[in-house]
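Enquirer: Okay, so here is target-v1.pdb, and as you'll see once you scroll down, it has PDB, C-alpha atoms.
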ATOM      1  CA  ASP G   1     155.473 134.346 112.460
ATOM      2  CA  PHE G   2     157.999 136.895 111.184
ATOM      3  CA  PHE G   3     156.529 139.634 113.358
ATOM      4  CA  ARG G   4     155.949 137.358 116.344
ATOM      5  CA  SER G   5     159.556 136.167 116.392
ATOM      6  CA  SER G   6     161.178 139.524 115.637
ATOM      7  CA  PRO G   7     163.711 140.719 118.234
ATOM      8  CA  LEU G   8     162.269 144.203 117.663
ATOM      9  CA  ARG G   9     158.813 143.204 118.890
ATOM     10  CA  THR G  10     157.646 144.896 122.065
ATOM     11  CA  PHE G  11     154.570 144.622 124.239
ATOM     12  CA  ASP G  12     155.109 148.112 125.632
ATOM     13  CA  PRO G  13     152.987 150.502 123.525
ATOM     14  CA  ASP G  14     155.152 153.449 124.582
ATOM     15  CA  GLU G  15     158.181 151.756 122.986
ATOM     16  CA  ALA G  16     156.317 150.713 119.836
ATOM     17  CA  ASP G  17     156.985 152.558 116.597
ATOM     18  CA  TYR G  18     154.201 150.657 114.813
ATOM     19  CA  PHE G  19     151.195 148.508 115.633
ATOM     20  CA  PHE G  20     150.454 145.538 113.374
ATOM     21  CA  VAL G  21     146.774 144.761 112.681
ATOM     22  CA  PRO G  22     146.375 141.480 110.754
ATOM     23  CA  SER G  23     143.309 140.858 108.632
ATOM     24  CA  TYR G  24     142.164 137.588 107.116
ATOM     25  CA  ALA G  25     139.178 139.156 105.372
ATOM     26  CA  CYS G  26     140.128 137.717 101.989
ATOM     27  CA  CYS G  27     139.759 134.207 103.391
ATOM     28  CA  HIS G  28     136.326 135.104 104.776
ATOM     29  CA  GLN G  29     135.194 136.778 101.544
ATOM     30  CA  VAL G  30     136.427 134.102  99.130
ATOM     31  CA  ALA G  31     134.988 131.325 101.316
ATOM     32  CA  GLY G  32     131.599 133.072 101.288
ATOM     33  CA  ILE G  33     131.561 133.561 105.061
ATOM     34  CA  TYR G  34     131.105 137.353 104.912
ATOM     35  CA  GLU G  35     130.012 139.815 102.235
ATOM     36  CA  PHE G  36     131.714 143.183 101.740
ATOM     37  CA  ASP G  37     129.242 145.095 103.921
ATOM     38  CA  GLU G  38     129.764 142.633 106.778
ATOM     39  CA  LEU G  39     133.550 142.824 106.433
ATOM     40  CA  ASP G  40     133.306 146.602 106.424
ATOM     41  CA  ALA G  41     131.345 146.611 109.692
ATOM     42  CA  LYS G  42     133.760 144.155 111.314
ATOM     43  CA  HIS G  43     136.807 146.203 110.298
ATOM     44  CA  GLU G  44     135.189 149.400 111.567
ATOM     45  CA  ALA G  45     134.488 147.719 114.914
ATOM     46  CA  VAL G  46     138.111 146.552 115.171
ATOM     47  CA  VAL G  47     139.423 150.067 114.488
ATOM     48  CA  GLN G  48     137.163 151.524 117.171
ATOM     49  CA  ARG G  49     138.658 149.067 119.692
ATOM     50  CA  LEU G  50     142.319 149.819 118.899
ATOM     51  CA  PRO G  51     143.528 151.570 122.069
ATOM     52  CA  TYR G  52     146.484 153.450 120.538
ATOM     53  CA  PHE G  53     144.980 154.324 117.154
ATOM     54  CA  GLY G  54     144.095 157.866 118.183
ATOM     55  CA  ARG G  55     147.591 158.988 119.153
ATOM     56  CA  SER G  56     148.649 159.344 115.494
ATOM     57  CA  GLY G  57     145.358 159.087 113.624
ATOM     58  CA  GLY G  58     146.358 155.549 112.745
ATOM     59  CA  ALA G  59     149.538 156.547 110.889
ATOM     60  CA  ASP G  60     151.551 154.143 113.069
ATOM     61  CA  HIS G  61     149.186 151.212 112.450
ATOM     62  CA  ILE G  62     150.000 148.650 109.749
ATOM     63  CA  PHE G  63     147.008 146.794 108.328
ATOM     64  CA  SER G  64     147.539 143.650 106.289
ATOM     65  CA  PHE G  65     145.012 143.244 103.501
ATOM     66  CA  HIS G  66     145.074 140.977 100.488
ATOM     67  CA  TYR G  67     143.370 143.964  98.876
ATOM     68  CA  VAL G  68     142.280 147.032 100.782
ATOM     69  CA  ASP G  69     138.741 147.181  99.393
ATOM     70  CA  LEU G  70     137.805 144.320 101.700
ATOM     71  CA  PHE G  71     137.316 147.282 104.056
ATOM     72  CA  PRO G  72     135.230 149.465 101.721
ATOM     73  CA  SER G  73     135.055 152.467 104.068
ATOM     74  CA  TRP G  74     138.798 152.503 104.810
ATOM     75  CA  ARG G  75     139.031 156.046 103.430
ATOM     76  CA  LYS G  76     136.825 157.212 106.301
ATOM     77  CA  HIS G  77     138.352 155.139 109.103
ATOM     78  CA  ILE G  78     142.031 154.449 108.309
ATOM     79  CA  PRO G  79     143.145 156.832 105.517
ATOM     80  CA  HIS G  80     146.544 157.515 107.128
ATOM     81  CA  SER G  81     147.335 153.944 108.124
ATOM     82  CA  ILE G  82     149.930 151.828 106.362
ATOM     83  CA  PHE G  83     148.725 148.964 104.159
ATOM     84  CA  LEU G  84     150.755 145.811 103.690
ATOM     85  CA  THR G  85     149.355 144.158 100.552
ATOM     86  CA  PRO G  86     150.216 142.128  97.453
ATOM     87  CA  GLU G  87     147.547 144.005  95.454
ATOM     88  CA  THR G  88     148.142 147.625  94.475
ATOM     89  CA  GLU G  89     144.956 148.097  92.460
ATOM     90  CA  VAL G  90     141.242 148.016  93.231
ATOM     91  CA  GLY G  91     139.663 144.893  94.624
ATOM     92  CA  PHE G  92     139.550 141.345  93.474
ATOM     93  CA  GLU G  93     137.140 140.638  90.611
ATOM     94  CA  ARG G  94     135.583 144.109  90.773
ATOM     95  CA  SER G  95     135.409 146.905  88.199
ATOM     96  CA  LEU G  96     136.056 150.562  88.931
ATOM     97  CA  ASP G  97     132.393 151.320  88.207
ATOM     98  CA  GLU G  98     131.418 149.170  91.215
ATOM     99  CA  PHE G  99     133.024 151.673  93.591
ATOM    100  CA  THR G 100     131.369 154.887  94.717
ATOM    101  CA  GLU G 101     134.730 156.498  95.501
ATOM    102  CA  ASP G 102     136.881 158.005  92.760
ATOM    103  CA  GLN G 103     139.827 155.608  92.851
ATOM    104  CA  SER G 104     142.149 158.142  91.186
ATOM    105  CA  ARG G 105     141.573 160.748  93.947
ATOM    106  CA  SER G 106     142.161 158.313  96.782
ATOM    107  CA  PRO G 107     143.801 155.198  95.356
ATOM    108  CA  PRO G 108     143.808 151.938  97.334
ATOM    109  CA  PHE G 109     147.613 151.919  97.300
ATOM    110  CA  ASN G 110     149.779 154.933  98.112
ATOM    111  CA  PRO G 111     153.497 154.303  97.488
ATOM    112  CA  LEU G 112     154.360 157.120  99.907
ATOM    113  CA  LYS G 113     153.010 155.142 102.881
ATOM    114  CA  ASP G 114     152.018 151.613 101.839
ATOM    115  CA  LEU G 115     154.104 148.486 101.252
ATOM    116  CA  SER G 116     153.605 145.971  98.473
ATOM    117  CA  VAL G 117     154.691 142.446  99.290
ATOM    118  CA  PRO G 118     154.815 139.477  96.933
ATOM    119  CA  PRO G 119     152.121 136.861  97.398
ATOM    120  CA  TYR G 120     153.116 133.596  98.980
ATOM    121  CA  LEU G 121     154.840 130.993  96.820
ATOM    122  CA  ASN G 122     155.546 127.681  98.444
ATOM    123  CA  PRO G 123     159.144 126.415  98.252
ATOM    124  CA  ARG G 124     158.149 123.526  95.964
ATOM    125  CA  ASP G 125     156.886 125.987  93.334
ATOM    126  CA  VAL G 126     159.927 128.236  93.694
ATOM    127  CA  LEU G 127     162.169 125.228  93.106
ATOM    128  CA  GLY G 128     159.946 124.193  90.177
ATOM    129  CA  PHE G 129     160.412 127.579  88.500
ATOM    130  CA  HIS G 130     164.164 127.259  89.033
ATOM    131  CA  ARG G 131     164.254 123.682  87.730
ATOM    132  CA  ASN G 132     162.255 124.574  84.580
ATOM    133  CA  ALA G 133     164.167 127.766  83.760
ATOM    134  CA  LYS G 134     166.091 127.183  80.550
ATOM    135  CA  PRO G 135     169.296 129.137  79.895
ATOM    136  CA  ILE G 136     168.336 132.522  78.380
ATOM    137  CA  GLY G 137     169.887 131.703  74.997
ATOM    138  CA  GLU G 138     167.759 128.545  74.720
ATOM    139  CA  ARG G 139     164.410 130.113  75.533
ATOM    140  CA  GLU G 140     161.859 129.988  72.738
ATOM    141  CA  PHE G 141     159.690 132.969  73.728
ATOM    142  CA  LEU G 142     160.371 136.644  74.314
ATOM    143  CA  ALA G 143     157.411 136.883  76.699
ATOM    144  CA  ALA G 144     154.751 134.682  78.255
ATOM    145  CA  PHE G 145     151.321 135.313  79.726
ATOM    146  CA  ALA G 146     149.103 132.801  81.482
ATOM    147  CA  GLY G 147     145.997 134.157  83.146
ATOM    148  CA  LYS G 148     142.233 134.330  83.377
ATOM    149  CA  LEU G 149     140.450 136.846  81.147
ATOM    150  CA  TRP G 150     138.100 138.126  83.914
ATOM    151  CA  THR G 151     135.399 139.073  81.403
ATOM    152  CA  ASP G 152     133.168 140.318  84.248
ATOM    153  CA  VAL G 153     135.736 142.950  85.321
ATOM    154  CA  THR G 154     135.748 145.734  82.733
ATOM    155  CA  GLU G 155     139.330 146.932  83.137
ATOM    156  CA  ALA G 156     140.808 143.440  83.413
ATOM    157  CA  ALA G 157     138.820 142.198  80.412
ATOM    158  CA  ASP G 158     140.097 145.121  78.340
ATOM    159  CA  VAL G 159     143.793 144.679  79.164
ATOM    160  CA  ARG G 160     143.772 140.878  79.255
ATOM    161  CA  GLY G 161     141.671 140.758  76.082
ATOM    162  CA  ARG G 162     144.334 142.792  74.283
ATOM    163  CA  VAL G 163     147.003 140.403  75.514
ATOM    164  CA  ALA G 164     144.908 137.388  74.484
ATOM    165  CA  ALA G 165     144.589 138.850  70.976
ATOM    166  CA  LEU G 166     148.375 138.445  70.673
ATOM    167  CA  ALA G 167     148.066 134.642  70.869
ATOM    168  CA  GLY G 168     149.800 133.073  67.899
ATOM    169  CA  THR G 169     152.237 135.970  67.533
ATOM    170  CA  PRO G 170     155.717 134.545  66.914
ATOM    171  CA  GLY G 171     157.873 134.786  70.027
ATOM    172  CA  LEU G 172     154.948 135.062  72.466
ATOM    173  CA  ALA G 173     153.433 132.316  74.608
ATOM    174  CA  ILE G 174     149.875 133.376  75.470
ATOM    175  CA  HIS G 175     147.519 131.175  77.492
ATOM    176  CA  ALA G 176     144.446 133.263  78.306
ATOM    177  CA  TYR G 177     141.462 131.342  79.611
ATOM    178  CA  ALA G 178     137.861 132.048  80.541
ATOM    179  CA  SER G 179     137.562 129.509  83.346
ATOM    180  CA  ILE G 180     139.887 128.514  86.170
ATOM    181  CA  ALA G 181     139.339 124.936  84.951
ATOM    182  CA  GLN G 182     141.454 125.845  81.887
ATOM    183  CA  MET G 183     144.419 127.208  83.820
ATOM    184  CA  PHE G 184     147.839 125.603  83.791
ATOM    185  CA  GLY G 185     148.839 123.513  86.758
ATOM    186  CA  PRO G 186     152.127 124.361  88.491
ATOM    187  CA  GLN G 187     154.234 122.241  86.126
ATOM    188  CA  GLY G 188     152.680 123.735  82.972
ATOM    189  CA  LEU G 189     153.083 127.283  84.241
ATOM    190  CA  GLN G 190     156.696 126.641  85.268
ATOM    191  CA  GLU G 191     157.529 125.216  81.855
ATOM    192  CA  VAL G 192     156.018 128.183  79.961
ATOM    193  CA  MET G 193     157.641 130.775  82.236
ATOM    194  CA  GLY G 194     160.968 128.952  82.085
ATOM    195  CA  ASN G 195     160.880 129.067  78.306
ATOM    196  CA  ALA G 196     160.335 132.852  78.079
ATOM    197  CA  ARG G 197     162.822 135.666  78.487
TER     198      ARG G 197
END
Take the structure in the file and give it back as structure tokens.

Expert:
Amino acid sequence: DFFRSSPLRTFDPDEADYFFVPSYACCHQVAGIYEFDELDAKHEAVVQRLPYFGRSGGADHIFSFHYVDLFPSWRKHIPHSIFLTPETEVGFERSLDEFTEDQSRSPPFNPLKDLSVPPYLNPRDVLGFHRNAKPIGEREFLAAFAGKLWTDVTEAADVRGRVAALAGTPGLAIHAYASIAQMFGPQGLQEVMGNAR
């Protein structure tokens, strides 16, 4: 809606500085509608149909991805395009060893061209965090962590496992869980975060 209602929007491609290409691949992948190879083929087909992509090699095209590896062959098809994403690391629930590409040579997020945006928080949750935020001097914890361990993702399991090992350390509120069923609800998360500096 932001882009659609912008006074800077134009339908004249000769006036356009950028072309926005939305992608809802995360919804399709998480819902089990498409697998990664199918999403890859669909993205490739979309790129081939973009009429103005060739004039700059895609450098003036902005792709929105929840995480860029929903288009596994992006390095071949859109390496110069701009990515608008909340995730600046490799894909969701996947380890580096699951990728054939060397992520350090061609990372999924390049701060020289890409934009990181915060994920959506609904206004009710934003107000809940505000309502549960204690004054700094009254907060019990120096730091808080609440998150899934992701034991099936090597890098996440390593880092999150180290954080989980800090549970019980005075001044830290650590709630690391193996299953989504064990996660805090909004109120619980807001209370923990509002009680940490």

Enquirer: Name every residue that the PyMOL selection byres ((chain G and resi 60) around 7) selects in this structure, writing the answer as a ChimeraX atom specification with chains first and numbers rising.

Expert: /G:17-19,56,58-59,61-62,81

Enquirer: Apply the PyMOL selection byres ((chain G and resi 120-130) around 12) to the file shown and report the selected residues as a list in words.

Expert: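 Residues picked by the PyMOL selection byres ((chain G and resi 120-130) around 12): His66, Thr85, Pro86, Val117, Pro118, Pro119, Arg131, Asn132, Ala133, Lys134, Pro135, Gly185, Pro186, Gln187, Gly188, Leu189, Gln190, Glu191, Val192, Met193, Gly194, Asn195 and Ala196 of chain G.
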
Enquirer: Which residues fall under the PyMOL selection byres ((chain G and resi 137-154) around 12) in this file, as JSON, numbers by chain?

Expert: {"G": [90, 91, 92, 93, 94, 95, 96, 97, 98, 132, 133, 134, 135, 136, 155, 156, 157, 158, 159, 160, 161, 162, 163, 164, 165, 166, 167, 168, 169, 170, 171, 172, 173, 174, 175, 176, 177, 178, 179, 180, 181, 182, 183, 184, 185, 186, 188, 189, 190, 191, 192, 193, 194, 195, 196, 197]}

Enquirer: Please produce an output containing C-alpha atoms for each residue in the selection, written as a compact mmCIF listing (two decimals), in the coordinates of the input.

Expert:
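Result file follows (part-v1.txt):
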# COMPACT_ATOMS: atom_id res chain seq x y z
CA VAL G 90 141.24 148.02 93.23
CA GLY G 91 139.66 144.89 94.62
CA PHE G 92 139.55 141.34 93.47
CA GLU G 93 137.14 140.64 90.61
CA ARG G 94 135.58 144.11 90.77
CA SER G 95 135.41 146.90 88.20
CA LEU G 96 136.06 150.56 88.93
CA ASP G 97 132.39 151.32 88.21
CA GLU G 98 131.42 149.17 91.22
CA ASN G 132 162.26 124.57 84.58
CA ALA G 133 164.17 127.77 83.76
CA LYS G 134 166.09 127.18 80.55
CA PRO G 135 169.30 129.14 79.90
CA ILE G 136 168.34 132.52 78.38
CA GLU G 155 139.33 146.93 83.14
CA ALA G 156 140.81 143.44 83.41
CA ALA G 157 138.82 142.20 80.41
CA ASP G 158 140.10 145.12 78.34
CA VAL G 159 143.79 144.68 79.16
CA ARG G 160 143.77 140.88 79.26
CA GLY G 161 141.67 140.76 76.08
CA ARG G 162 144.33 142.79 74.28
CA VAL G 163 147.00 140.40 75.51
CA ALA G 164 144.91 137.39 74.48
CA ALA G 165 144.59 138.85 70.98
CA LEU G 166 148.38 138.44 70.67
CA ALA G 167 148.07 134.64 70.87
CA GLY G 168 149.80 133.07 67.90
CA THR G 169 152.24 135.97 67.53
CA PRO G 170 155.72 134.54 66.91
CA GLY G 171 157.87 134.79 70.03
CA LEU G 172 154.95 135.06 72.47
CA ALA G 173 153.43 132.32 74.61
CA ILE G 174 149.88 133.38 75.47
CA HIS G 175 147.52 131.18 77.49
CA ALA G 176 144.45 133.26 78.31
CA TYR G 177 141.46 131.34 79.61
CA ALA G 178 137.86 132.05 80.54
CA SER G 179 137.56 129.51 83.35
CA ILE G 180 139.89 128.51 86.17
CA ALA G 181 139.34 124.94 84.95
CA GLN G 182 141.45 125.84 81.89
CA MET G 183 144.42 127.21 83.82
CA PHE G 184 147.84 125.60 83.79
CA GLY G 185 148.84 123.51 86.76
CA PRO G 186 152.13 124.36 88.49
CA GLY G 188 152.68 123.74 82.97
CA LEU G 189 153.08 127.28 84.24
CA GLN G 190 156.70 126.64 85.27
CA GLU G 191 157.53 125.22 81.86
CA VAL G 192 156.02 128.18 79.96
CA MET G 193 157.64 130.78 82.24
CA GLY G 194 160.97 128.95 82.08
CA ASN G 195 160.88 129.07 78.31
CA ALA G 196 160.34 132.85 78.08
CA ARG G 197 162.82 135.67 78.49

Enquirer: Restricting the calculation to only C-alpha atoms: of G:Arg105, G:Asn110, G:Val21, G:Asp69, which residue gets closest to Arg49 in chain G?

Expert: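 The closest residue to Arg49 in chain G is G:Val21.
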
Enquirer: Residues near range 32-41 of chain G, anyone? I mean within 7 Å using only C-alpha atoms, not counting same-chain ones fewer than 6 positions away, as a list in words.

Expert: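 Near range 32-41 of chain G, the qualifying residues are Ala25, Leu70, Phe71, Pro72 and Ser73 of chain G.
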
Enquirer: Keeping only C-alpha atoms, write the selected residues as a compact mmCIF listing (two decimals), keeping the file's coordinate frame.

Expert:
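Everything below was put into again26.txt:
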# COMPACT_ATOMS: atom_id res chain seq x y z
CA ALA G 25 139.18 139.16 105.37
CA LEU G 70 137.80 144.32 101.70
CA PHE G 71 137.32 147.28 104.06
CA PRO G 72 135.23 149.46 101.72
CA SER G 73 135.06 152.47 104.07

Enquirer: Expressed in Å to a single decimal, how great is the separation between CA of Lys76 in chain G and CA of Thr88 in chain G?

Expert: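 It comes out at 19.0 Å.
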
Enquirer: Kindly give the distance, in Å, that separates CA of Arg9 in chain G and CA of His80 in chain G, rounded to a single decimal.

Expert: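 Between these atoms lies a distance of 22.2 Å.
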